[in-house]
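A.B. asks: Pasting in a structure now, in structure tokens, and then I'll have a few things to ask.
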There are 4 protein chains.
Amino acid sequence: MRHLAHWSLVMIVVSALSPQKVEAKPRARDLGVPFDGVPGANNAITDVPGVEVGHATIISGAGKLDVGKGPVRTGVTAVLPRGRNASAPAFAGWFSLNGNGEMTGTTWIEESGLLEGPVLLTNTTSVGTVRDAAIKWWLAHHKQAQPWLLPVVAETYDGHLNDTHGFHVREQHVFAALDSAQTGPLLEGNVGGGTGMCCFEFKGGIGTASRKVARPSENYAVGVLVQANFGARGQLQIAGVPVGREIPESTFRSKEMGSIIIVVATDAPLLPHQLKRLARRAALGLARTGSTAGNGSGDIFVAFSTANPQAANATGLVNLTMLPNESLNGLFEATVQATEEAIINALVAAETMTGRDDHRVIALPHDRLRDVLKKYNRLVDSNAK
Amino acid sequence: MRHLAHWSLVMIVVSALSPQKVEAKPRARDLGVPFDGVPGANNAITDVPGVEVGHATIISGAGKLDVGKGPVRTGVTAVLPRGRNASAPAFAGWFSLNGNGEMTGTTWIEESGLLEGPVLLTNTTSVGTVRDAAIKWWLAHHKQAQPWLLPVVAETYDGHLNDTHGFHVREQHVFAALDSAQTGPLLEGNVGGGTGMCCFEFKGGIGTASRKVARPSENYAVGVLVQANFGARGQLQIAGVPVGREIPESTFRSKEMGSIIIVVATDAPLLPHQLKRLARRAALGLARTGSTAGNGSGDIFVAFSTANPQAANATGLVNLTMLPNESLNGLFEATVQATEEAIINALVAAETMTGRDDHRVIALPHDRLRDVLKKYNRLVDSNAK
Amino acid sequence: MRHLAHWSLVMIVVSALSPQKVEAKPRARDLGVPFDGVPGANNAITDVPGVEVGHATIISGAGKLDVGKGPVRTGVTAVLPRGRNASAPAFAGWFSLNGNGEMTGTTWIEESGLLEGPVLLTNTTSVGTVRDAAIKWWLAHHKQAQPWLLPVVAETYDGHLNDTHGFHVREQHVFAALDSAQTGPLLEGNVGGGTGMCCFEFKGGIGTASRKVARPSENYAVGVLVQANFGARGQLQIAGVPVGREIPESTFRSKEMGSIIIVVATDAPLLPHQLKRLARRAALGLARTGSTAGNGSGDIFVAFSTANPQAANATGLVNLTMLPNESLNGLFEATVQATEEAIINALVAAETMTGRDDHRVIALPHDRLRDVLKKYNRLVDSNAK
Amino acid sequence: MRHLAHWSLVMIVVSALSPQKVEAKPRARDLGVPFDGVPGANNAITDVPGVEVGHATIISGAGKLDVGKGPVRTGVTAVLPRGRNASAPAFAGWFSLNGNGEMTGTTWIEESGLLEGPVLLTNTTSVGTVRDAAIKWWLAHHKQAQPWLLPVVAETYDGHLNDTHGFHVREQHVFAALDSAQTGPLLEGNVGGGTGMCCFEFKGGIGTASRKVARPSENYAVGVLVQANFGARGQLQIAGVPVGREIPESTFRSKEMGSIIIVVATDAPLLPHQLKRLARRAALGLARTGSTAGNGSGDIFVAFSTANPQAANATGLVNLTMLPNESLNGLFEATVQATEEAIINALVAAETMTGRDDHRVIALPHDRLRDVLKKYNRLVDSNAK
């Protein structure tokens, strides 16, 4: 029962008061994975100024599934476009590559072009709890503002490791994720909504990356955060290399399953219809990792811009700035590249986890990854630290 | 405090055991409103065989708003495409005329063409509670079936009469609405999700109607159920007559607000892309009542077919039947007509209600309606009972 | 054969040099039809400053159909958002209520949010000719501009009156429609693309109307132009009155057929996603005339804004203005109202026409219309001139 | 003037009578490019039984551009879902990854779920000519059938090599492409609509590939045909290998430009909403070649099923078969794989071409490709013939 010592009876809710300590773990490019483009300072969605991210990670119990008791391997992740203290909506657009999943609030995003609060990520059965709790949090924090009643909550399914029918996410976890949101370096892997997720039959979860946009839009950044829970082992490609086939061990699925939620942020002044274009590019980044977006997948993407905070002013004419369509190619590339890297970062950061019924999902072995990249002449030593 | 005697301290949850007694109240066509087409036996969505509808109505308290305490004027309505005991999905499609509202589960309807469980209607802040409770109910009732994890829950805002920020809908109300679902005549007006709703600044709520489809598809029915909570008084048209302008008293809004959810059912064998077409026709029925679908409106529609229950069989080839596109005109007309009548039925059935902060919303006065129709030579006496 | 004297062997192509003379014919509100809202100076789409409209009307031959020879009753109508001499794109959005028709160029409108040239209306089989000719015209007139290669051309089917398989629209007609575009009062009825069209089994064609937007956006106008070719007689409602049933004679169809193209223009500074909302409201105006959008209908709508001419500047940041979502209700109402009136204007303006195989389609009889409105107490004498 | 000897004054229109001779040229897998999945007999869209493809290739002139005279490097490609002699529609769906292009007829595909005739591919300025000619051809060939009036014509821009503003595609070329349609092995590269196209700054054009679907749907095939005209050199990946960076010479663009049209065929019985899912997967195959779908790209995809030929029967109930959603993963993979291979096949087949103003676009050098694959340990010798 060696997992017990490690996991059991531990419930961690990241505190709202003490900032999350981000350990110095290697990330994908530290291991020598080649990626195109230039990342921002933290290579994280928080490289888009104003964006804050918080996690509540819920881990307790071990062994046989006892519905309602555990084991629990789940959580909530919150992405706040303008941080915890702002209430201004952000222009946004969304795209469903394969809609076997939930993202609430999208009908209003499509209609209004606005994301009016945070994007929250959790497990499938907790969407409702998180949604209503988000309303309560908003009412408590933004009393002057218009009530925010159409929250955006997305999910992937963590039933392989988590007692997902036990409904373990509670209001206070949602508040904790929101209250702990911060800028700067981010936790990845087994945290927040990504706690119990699997990706290409390795342990998956939360990953993030960013890009400085190439000329002529070099003042802007694109950041991506994913909750990665998809893919069959044999499909996995990293930097174009068939890594999944080269590391075939410890698979546990008979067919491709799972989902990925992708959040794209930028400070470039894009209009809603342009942000839909960005959201659609996330599919191209996902494709580079080998996904074919299986029927069971909830591959749902949302993109927002932190520019134009005045966009939802309710009275009078609003002055906006816009990057014209002709200048978007750099943003498209940045989105594709950052999506690809965020997924690989999730795989690299996630650690082996044992959950319900002693299901054990191994982490992507870093040394094996380097060996495979080397075999295909794709290992980039200059990146390694 | 005369309302107290009437409303206060009463909580009604329609029992799952004793069928709802539907009182013999006049409906719109009983008052002489002219409508096109031939309704089914109950002039209700339940004229589509298999469809069951249940309500949980929550009414308590009176007087000044005390958030979390009341007054409470809200509830839940459940529409089950194949009744409480069936777990087979139904082909479905949806349409958002103006998406200032929530209908969860639509991303999967769009992708799969399937509605996998009931459609649930409630107030805006209770969507999450209702969603997760629906999962619990499904897990408890359909143990053999695939877990149903992407519930379809829609809302309109009842904050004018209800303590909507008090989150008064609980799991047990959802269970009660689902467990009390029945076929046959239906309650309308101040029931279920429609309890606290307003429509054209009259009391609104739940309404329903149906049509026998005209040849060559005369074996089929179309049924509609609405949760009507939209419109400014001056916009109201009934049978093309400007009723709203003729009855200008007791208005309470400075601008058009509110939403309408429309559920369209048919037993005609339509494919998902054809059901989207049906859902889109609901907009035309809505337009006939005078709506211009204001910015604040969540006008979201879903249509399903009870034919082809085998459509979601997971293995092998599935045999289906389909009504070809050339035969759809009768269904389009039926949808437009039944939508119009369902909205007017909601207005006719709803009774004057006093809610939070003594807000009082009057019912559409039946005698005045008849007078106005007569003035415009549109009163149909042959319909009156 | 009295029609022969009137129609045969006449080919009219409206000249590009002499402005179209708009005869003083009564329009719907002149006949006492009640409409809501306040129209602009010309009650036409040209009340939106900058918008120009031109027609080429092609009429020749009579009697039995001889494919390729005639009789010909067809044409081309051009709507130029910023007039003939401007090449700046306009923000735009579109909506298909029932897509049994063609509107080319919509994929790029959806993607870019831009309408890059005129909207051209013609018959079904001439869409290709018109499209390629539009490119030629553009290349000749806007040499400095980006070549405009994705023209927007829409159609309705005029085969009841016209030798539509004879492909009688030629390049020069397209040039003539574009070159004759003008602001001010417009021809309606049997002109341009509307020449051979039928509506509710009366003669139909081109119609237009406009609205001054109500407060708080009273500086703006909404204009609508329709090519109306839809509806079964029994469906027709005017001002909510069942006019079609009251004038049942001279019908010629066994079922509802046909299409309507609706062009919505505004000078309000709306973004592309907001213009999609406007386009969607055209469906509500259409519904008020009795349409249920039959399967055979190509009910396709496009909306554009003449504001923000700099929107497509290819370099650097673009400054825009936007009317916030909260201010759109007046524009929605204006769109619904102007669409309804434009359709009725097409019916009122169109004159009885005899076409191929001596098919004769009668005009809506003005006196009968007034009688019916009076019967239902809806005749507005104060409007009559 | 060495190109003159090769190209000038030659106009080839593939005859409708003598079948196209497909030369034994190496294809991508013959060169040792590794691809996943098992192709059909011809590794072509024609491996889907019934599908026929015809080309008209128009090449004449050389040297300096003289608009209207040449040089001409263009053509038309026709994909007929059920061959030249059938008139039954096919269930279909479409997707626009980036809509800077034209595909006519999509509004009706979206509405009806049906593709009612061929898919035609040509250059940008010839869409109109091809559209109207397709109507004429249909009227002449299918007299008993419903007139087919909403043709599906798509385009990419060949102005780098072709006098595209000279409008050189004529009616007879469209007829020739349609009349020469055949099953079996297909021409690739500089043929038909692909004649003047460029891809990753190599010569591009038409490419095709197919897959036998894996279990449990192993009785079905997926075939893909592309008209490839997109991409900057540096983006090109083949089998995950950065081929574009390794072969940097003879580029001619300052930025990514161009488009790709993808046609996906299957004999699996899919409904329209499922075919939209297939169309969306083409984006994932495209992504594997390195595309980020630039702003200037018209990346528009259509998918159809040859099953259920009775789907559009106009009367009575139609019996259909359907592959349930749970069985689609194999088809999704097949679509991704065949799309990727079809694009690479286009690159491998296309030959160096010199066009207008002596613009010369080189073919992808086969030996260099093999060297690069070898460098990255991805050359598959077992495939080489």
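Ligands are numbered from 1 in the order shown, residues from 1 within each chain, and chains are lettered A, B, ... in the order they appear in the structure tokens.
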Mind dumping a table of every chain D residue within 9 Å of chain B, with the nearest atom pair and its distance in Å to one decimal, using only C-alpha atoms, sorted by chain and rising number, as a Markdown table?

C.D. replies:
| residue | atom | partner | partner_atom | distance |
| --- | --- | --- | --- | --- |
| D:Glu110 | CA | B:His273 | CA | 8.0 |
| D:Glu111 | CA | B:His273 | CA | 7.1 |
| D:Ser112 | CA | B:Asn325 | CA | 6.9 |
| D:Gly113 | CA | B:His273 | CA | 6.8 |
| D:Pro216 | CA | B:Gly316 | CA | 8.3 |
| D:Ser217 | CA | B:Gly316 | CA | 8.5 |
| D:Pro269 | CA | B:Leu317 | CA | 8.4 |
| D:Leu271 | CA | B:Leu271 | CA | 8.0 |
| D:Pro272 | CA | B:His273 | CA | 7.0 |
| D:His273 | CA | B:His273 | CA | 6.5 |
| D:Gln274 | CA | B:Ser112 | CA | 7.5 |
| D:Lys276 | CA | B:Glu111 | CA | 8.8 |
| D:Arg277 | CA | B:Glu111 | CA | 7.6 |
| D:Ala311 | CA | B:Pro324 | CA | 7.2 |
| D:Ala312 | CA | B:Pro324 | CA | 6.2 |
| D:Asn313 | CA | B:Pro324 | CA | 6.5 |
| D:Ala314 | CA | B:Glu326 | CA | 5.5 |
| D:Thr315 | CA | B:Pro324 | CA | 7.0 |
| D:Gly316 | CA | B:Leu323 | CA | 6.9 |
| D:Leu317 | CA | B:Leu323 | CA | 5.1 |
| D:Val318 | CA | B:Met322 | CA | 5.1 |
| D:Asn319 | CA | B:Thr321 | CA | 4.5 |
| D:Leu320 | CA | B:Leu320 | CA | 5.0 |
| D:Thr321 | CA | B:Asn319 | CA | 4.5 |
| D:Met322 | CA | B:Val318 | CA | 5.1 |
| D:Leu323 | CA | B:Leu317 | CA | 5.1 |
| D:Pro324 | CA | B:Ala314 | CA | 6.0 |
| D:Asn325 | CA | B:Ser112 | CA | 6.9 |
| D:Glu326 | CA | B:Ala314 | CA | 5.5 |
| D:Ser327 | CA | B:Thr315 | CA | 7.1 |

A.B. asks: Run DSSP on the backbone of this structure and report the residues of range 119-260 of chain B it assigns to helix (DSSP H, G or I), as JSON, numbers by chain.

C.D. replies: {"B": [124, 125, 126, 127, 128, 129, 130, 131, 132, 133, 134, 135, 136, 137, 138, 139, 140, 141, 164, 165, 166, 171, 172, 173, 174, 175, 176, 177, 178, 179, 192, 193, 194, 233, 234, 235, 243, 244, 245, 246]}

A.B. asks: If you keep C-alpha atoms, can you produce a file of those selected residues as a short mmCIF file (atom, residue, chain, number, x, y, z; two decimals), in the first residue's frame?

C.D. replies:
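out26.cif was written with the following content:
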data_model
loop_
_atom_site.label_atom_id
_atom_site.label_comp_id
_atom_site.auth_asym_id
_atom_site.auth_seq_id
_atom_site.Cartn_x
_atom_site.Cartn_y
_atom_site.Cartn_z
CA THR B 124 -30.89 31.81 -13.87
CA THR B 125 -28.95 31.24 -10.68
CA SER B 126 -30.13 27.65 -10.24
CA VAL B 127 -28.82 26.18 -13.48
CA GLY B 128 -25.86 24.61 -11.72
CA THR B 129 -27.85 23.01 -8.94
CA VAL B 130 -30.33 21.63 -11.41
CA ARG B 131 -27.59 20.34 -13.72
CA ASP B 132 -25.70 18.36 -11.11
CA ALA B 133 -28.92 17.09 -9.52
CA ALA B 134 -30.04 15.85 -12.91
CA ILE B 135 -26.87 13.77 -13.11
CA LYS B 136 -27.59 12.29 -9.70
CA TRP B 137 -31.18 11.49 -10.64
CA TRP B 138 -30.06 9.86 -13.86
CA LEU B 139 -27.39 7.77 -12.17
CA ALA B 140 -29.98 6.57 -9.68
CA HIS B 141 -32.67 5.77 -12.26
CA THR B 164 -33.16 34.68 -7.12
CA HIS B 165 -29.83 35.39 -5.45
CA GLY B 166 -31.05 33.28 -2.54
CA GLU B 171 -31.71 18.95 -5.40
CA GLN B 172 -35.01 17.65 -4.10
CA HIS B 173 -36.97 20.07 -6.28
CA VAL B 174 -35.20 18.75 -9.32
CA PHE B 175 -35.97 15.20 -8.31
CA ALA B 176 -39.60 16.16 -7.67
CA ALA B 177 -40.01 17.74 -11.08
CA LEU B 178 -38.52 14.70 -12.76
CA ASP B 179 -40.39 12.16 -10.64
CA GLY B 192 -42.37 24.93 -12.22
CA GLY B 193 -39.61 26.96 -13.80
CA GLY B 194 -42.24 29.48 -14.87
CA ARG B 233 -46.17 45.67 -22.93
CA GLY B 234 -46.42 47.79 -26.04
CA GLN B 235 -45.02 44.99 -28.18
CA VAL B 243 -53.29 43.95 -27.53
CA GLY B 244 -50.40 45.39 -25.57
CA ARG B 245 -51.17 48.96 -26.57
CA GLU B 246 -54.82 48.52 -25.84
#

A.B. asks: Give me the residues near range 42-46 of chain D as a list in words, where near means some atom within 8 Å (using only C-alpha atoms) and where sequence neighbours in that chain fewer than 2 positions away do not count.

C.D. replies: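 Residues meeting the cut-off are Pro39, Gly40, Val48, Pro49, Gly50, Val51, Glu52, Val53, Thr183, Gly184, Pro185, Leu186, Thr208, Ala209, Ser210, Arg211, Val222, Gly223, Val224, Leu225, Val264 and Ala265 of chain D.
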
A.B. asks: Taking all heavy atoms for each residue, export the selection above as a short mmCIF file (atom, residue, chain, number, x, y, z; two decimals), in the first residue's frame.

C.D. replies:
data_model
loop_
_atom_site.label_atom_id
_atom_site.label_comp_id
_atom_site.auth_asym_id
_atom_site.auth_seq_id
_atom_site.Cartn_x
_atom_site.Cartn_y
_atom_site.Cartn_z
N PRO D 39 -3.99 2.42 -47.04
CA PRO D 39 -4.73 3.05 -48.14
C PRO D 39 -5.52 2.02 -48.94
O PRO D 39 -5.26 0.82 -48.88
CB PRO D 39 -3.61 3.65 -49.00
CG PRO D 39 -2.42 2.81 -48.72
CD PRO D 39 -2.55 2.33 -47.31
N GLY D 40 -6.49 2.52 -49.71
CA GLY D 40 -7.24 1.67 -50.63
C GLY D 40 -6.43 1.36 -51.88
O GLY D 40 -5.26 1.75 -52.00
N VAL D 48 -13.42 5.22 -52.88
CA VAL D 48 -14.80 5.21 -52.40
C VAL D 48 -15.68 4.88 -53.61
O VAL D 48 -15.74 5.66 -54.56
CB VAL D 48 -15.20 6.57 -51.79
CG1 VAL D 48 -16.66 6.56 -51.39
CG2 VAL D 48 -14.30 6.90 -50.61
N PRO D 49 -16.32 3.72 -53.60
CA PRO D 49 -17.02 3.27 -54.81
C PRO D 49 -18.04 4.29 -55.29
O PRO D 49 -18.83 4.81 -54.51
CB PRO D 49 -17.69 1.98 -54.34
CG PRO D 49 -16.87 1.49 -53.20
CD PRO D 49 -16.38 2.74 -52.51
N GLY D 50 -17.99 4.53 -56.57
CA GLY D 50 -18.93 5.45 -57.20
C GLY D 50 -18.34 6.81 -57.49
O GLY D 50 -18.75 7.50 -58.44
N VAL D 51 -17.38 7.22 -56.68
CA VAL D 51 -16.79 8.56 -56.88
C VAL D 51 -16.01 8.60 -58.19
O VAL D 51 -15.21 7.71 -58.48
CB VAL D 51 -15.87 8.93 -55.70
CG1 VAL D 51 -15.18 10.27 -55.97
CG2 VAL D 51 -16.66 8.97 -54.41
N GLU D 52 -16.25 9.64 -58.97
CA GLU D 52 -15.51 9.86 -60.21
C GLU D 52 -14.91 11.26 -60.19
O GLU D 52 -15.50 12.19 -59.64
CB GLU D 52 -16.42 9.71 -61.43
CG GLU D 52 -16.93 8.27 -61.63
CD GLU D 52 -17.84 8.12 -62.83
OE1 GLU D 52 -18.11 9.13 -63.53
OE2 GLU D 52 -18.30 7.00 -63.08
N VAL D 53 -13.73 11.37 -60.82
CA VAL D 53 -13.02 12.65 -60.85
C VAL D 53 -12.58 12.94 -62.28
O VAL D 53 -12.08 12.05 -62.97
CB VAL D 53 -11.79 12.61 -59.92
CG1 VAL D 53 -10.98 13.91 -60.05
CG2 VAL D 53 -12.21 12.40 -58.47
N THR D 183 -13.39 6.75 -62.56
CA THR D 183 -12.93 6.13 -61.32
C THR D 183 -11.49 5.65 -61.54
O THR D 183 -10.88 5.95 -62.56
CB THR D 183 -13.88 5.00 -60.91
OG1 THR D 183 -13.47 4.50 -59.64
CG2 THR D 183 -13.90 3.88 -61.94
N GLY D 184 -10.92 4.94 -60.58
CA GLY D 184 -9.57 4.38 -60.75
C GLY D 184 -8.49 5.37 -60.36
O GLY D 184 -8.76 6.36 -59.67
N PRO D 185 -7.26 5.11 -60.81
CA PRO D 185 -6.14 5.99 -60.45
C PRO D 185 -6.36 7.39 -61.01
O PRO D 185 -7.00 7.55 -62.05
CB PRO D 185 -4.94 5.34 -61.15
CG PRO D 185 -5.36 3.97 -61.53
CD PRO D 185 -6.84 3.98 -61.66
N LEU D 186 -5.82 8.37 -60.32
CA LEU D 186 -6.08 9.76 -60.70
C LEU D 186 -4.78 10.50 -61.01
O LEU D 186 -3.73 10.20 -60.43
CB LEU D 186 -6.79 10.49 -59.57
CG LEU D 186 -8.20 10.04 -59.23
CD1 LEU D 186 -8.75 10.85 -58.07
CD2 LEU D 186 -9.11 10.16 -60.44
N THR D 208 -4.38 13.38 -53.87
CA THR D 208 -5.45 12.52 -53.37
C THR D 208 -4.84 11.37 -52.56
O THR D 208 -3.64 11.08 -52.68
CB THR D 208 -6.33 11.99 -54.53
OG1 THR D 208 -7.49 11.36 -53.99
CG2 THR D 208 -5.56 11.01 -55.40
N ALA D 209 -5.65 10.77 -51.72
CA ALA D 209 -5.23 9.61 -50.92
C ALA D 209 -6.48 8.97 -50.36
O ALA D 209 -7.57 9.55 -50.41
CB ALA D 209 -4.28 10.02 -49.79
N SER D 210 -6.33 7.79 -49.81
CA SER D 210 -7.50 7.13 -49.19
C SER D 210 -7.06 6.26 -48.03
O SER D 210 -5.86 5.99 -47.85
CB SER D 210 -8.26 6.28 -50.22
OG SER D 210 -7.54 5.10 -50.52
N ARG D 211 -8.00 5.84 -47.25
CA ARG D 211 -7.77 4.92 -46.16
C ARG D 211 -8.89 3.90 -46.08
O ARG D 211 -10.06 4.26 -46.24
CB ARG D 211 -7.71 5.66 -44.81
CG ARG D 211 -6.48 6.47 -44.55
CD ARG D 211 -5.23 5.61 -44.47
NE ARG D 211 -4.02 6.39 -44.23
CZ ARG D 211 -3.31 7.01 -45.20
NH1 ARG D 211 -3.66 6.92 -46.46
NH2 ARG D 211 -2.23 7.68 -44.88
N VAL D 222 -12.42 5.90 -46.67
CA VAL D 222 -12.43 7.36 -46.69
C VAL D 222 -11.45 7.80 -47.77
O VAL D 222 -10.32 7.31 -47.80
CB VAL D 222 -12.02 7.96 -45.33
CG1 VAL D 222 -11.80 9.47 -45.45
CG2 VAL D 222 -13.07 7.66 -44.27
N GLY D 223 -11.89 8.67 -48.65
CA GLY D 223 -11.01 9.19 -49.68
C GLY D 223 -10.97 10.71 -49.60
O GLY D 223 -11.95 11.35 -49.23
N VAL D 224 -9.82 11.27 -49.94
CA VAL D 224 -9.65 12.72 -49.86
C VAL D 224 -9.03 13.21 -51.17
O VAL D 224 -8.16 12.56 -51.74
CB VAL D 224 -8.74 13.10 -48.67
CG1 VAL D 224 -8.34 14.56 -48.73
CG2 VAL D 224 -9.43 12.77 -47.35
N LEU D 225 -9.53 14.33 -51.65
CA LEU D 225 -8.89 15.03 -52.76
C LEU D 225 -8.71 16.48 -52.36
O LEU D 225 -9.62 17.11 -51.82
CB LEU D 225 -9.73 14.92 -54.04
CG LEU D 225 -9.11 15.57 -55.28
CD1 LEU D 225 -9.39 14.72 -56.53
CD2 LEU D 225 -9.64 16.98 -55.51
N VAL D 264 -13.72 15.41 -48.87
CA VAL D 264 -13.65 14.12 -48.17
C VAL D 264 -14.84 13.27 -48.59
O VAL D 264 -15.98 13.73 -48.53
CB VAL D 264 -13.68 14.32 -46.64
CG1 VAL D 264 -13.56 12.99 -45.92
CG2 VAL D 264 -12.59 15.29 -46.19
N ALA D 265 -14.57 12.06 -49.03
CA ALA D 265 -15.64 11.14 -49.42
C ALA D 265 -15.60 9.89 -48.57
O ALA D 265 -14.52 9.45 -48.17
CB ALA D 265 -15.47 10.76 -50.89
#

A.B. asks: If we count only C-alpha atoms, what is near Ile343 in chain B at a cut-off of 9 Å, once residues fewer than 3 positions away on the same chain are taken out, given as an MDAnalysis selection string?

C.D. replies: chainID B and resid 199 204:209 225:228 285:286 289 338:340 346:348

A.B. asks: With distances taken over only C-alpha atoms, which residue among A:Gly99, A:Gly75, A:Gly189, A:Gly105 lies nearest Val153 in chain A?

C.D. replies: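 Comparing A:Gly99, A:Gly75, A:Gly189, A:Gly105 against Val153 in chain A, the winner is A:Gly105.
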
A.B. asks: Just want the 12 Å neighbourhood of Ala287 in chain B, counted on only C-alpha atoms, with same-chain residues fewer than 3 positions away dropped. Output as an NGL selection string.

C.D. replies: (:B and (97 or 230-231 or 235-240 or 260 or 280-284 or 290-294 or 299 or 336-337 or 339-341 or 343)) or (:C and (240 or 280-292 or 333 or 336-337 or 340))

A.B. asks: Kindly indicate which residue among D:Asp66, D:Pro365, D:Asp357, D:Glu188 lies nearest to Ala24 in chain D, using only C-alpha atoms for the distances.

C.D. replies: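 Using only C-alpha atoms, Ala24 in chain D sits closest to D:Glu188.
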
A.B. asks: If I take CA of Arg27 in chain C and CA of Tyr220 in chain C, how far is one from the other in Å, to one decimal?

C.D. replies: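 Calculated distance between CA of Arg27 in chain C and CA of Tyr220 in chain C is 23.1 Å.
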
A.B. asks: Provide the CA of Gly32 in chain B to CA of His366 in chain B distance in Å, to one decimal place.

C.D. replies: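 Result for CA of Gly32 in chain B versus CA of His366 in chain B: 10.0 Å, one decimal.
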
A.B. asks: For a test of reading the model, state the distance in Å between CA of Asn219 in chain B and CA of Ala303 in chain B, rounded to one decimal.

C.D. replies: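 Computed distance, CA of Asn219 in chain B to CA of Ala303 in chain B, equals 18.3 Å.
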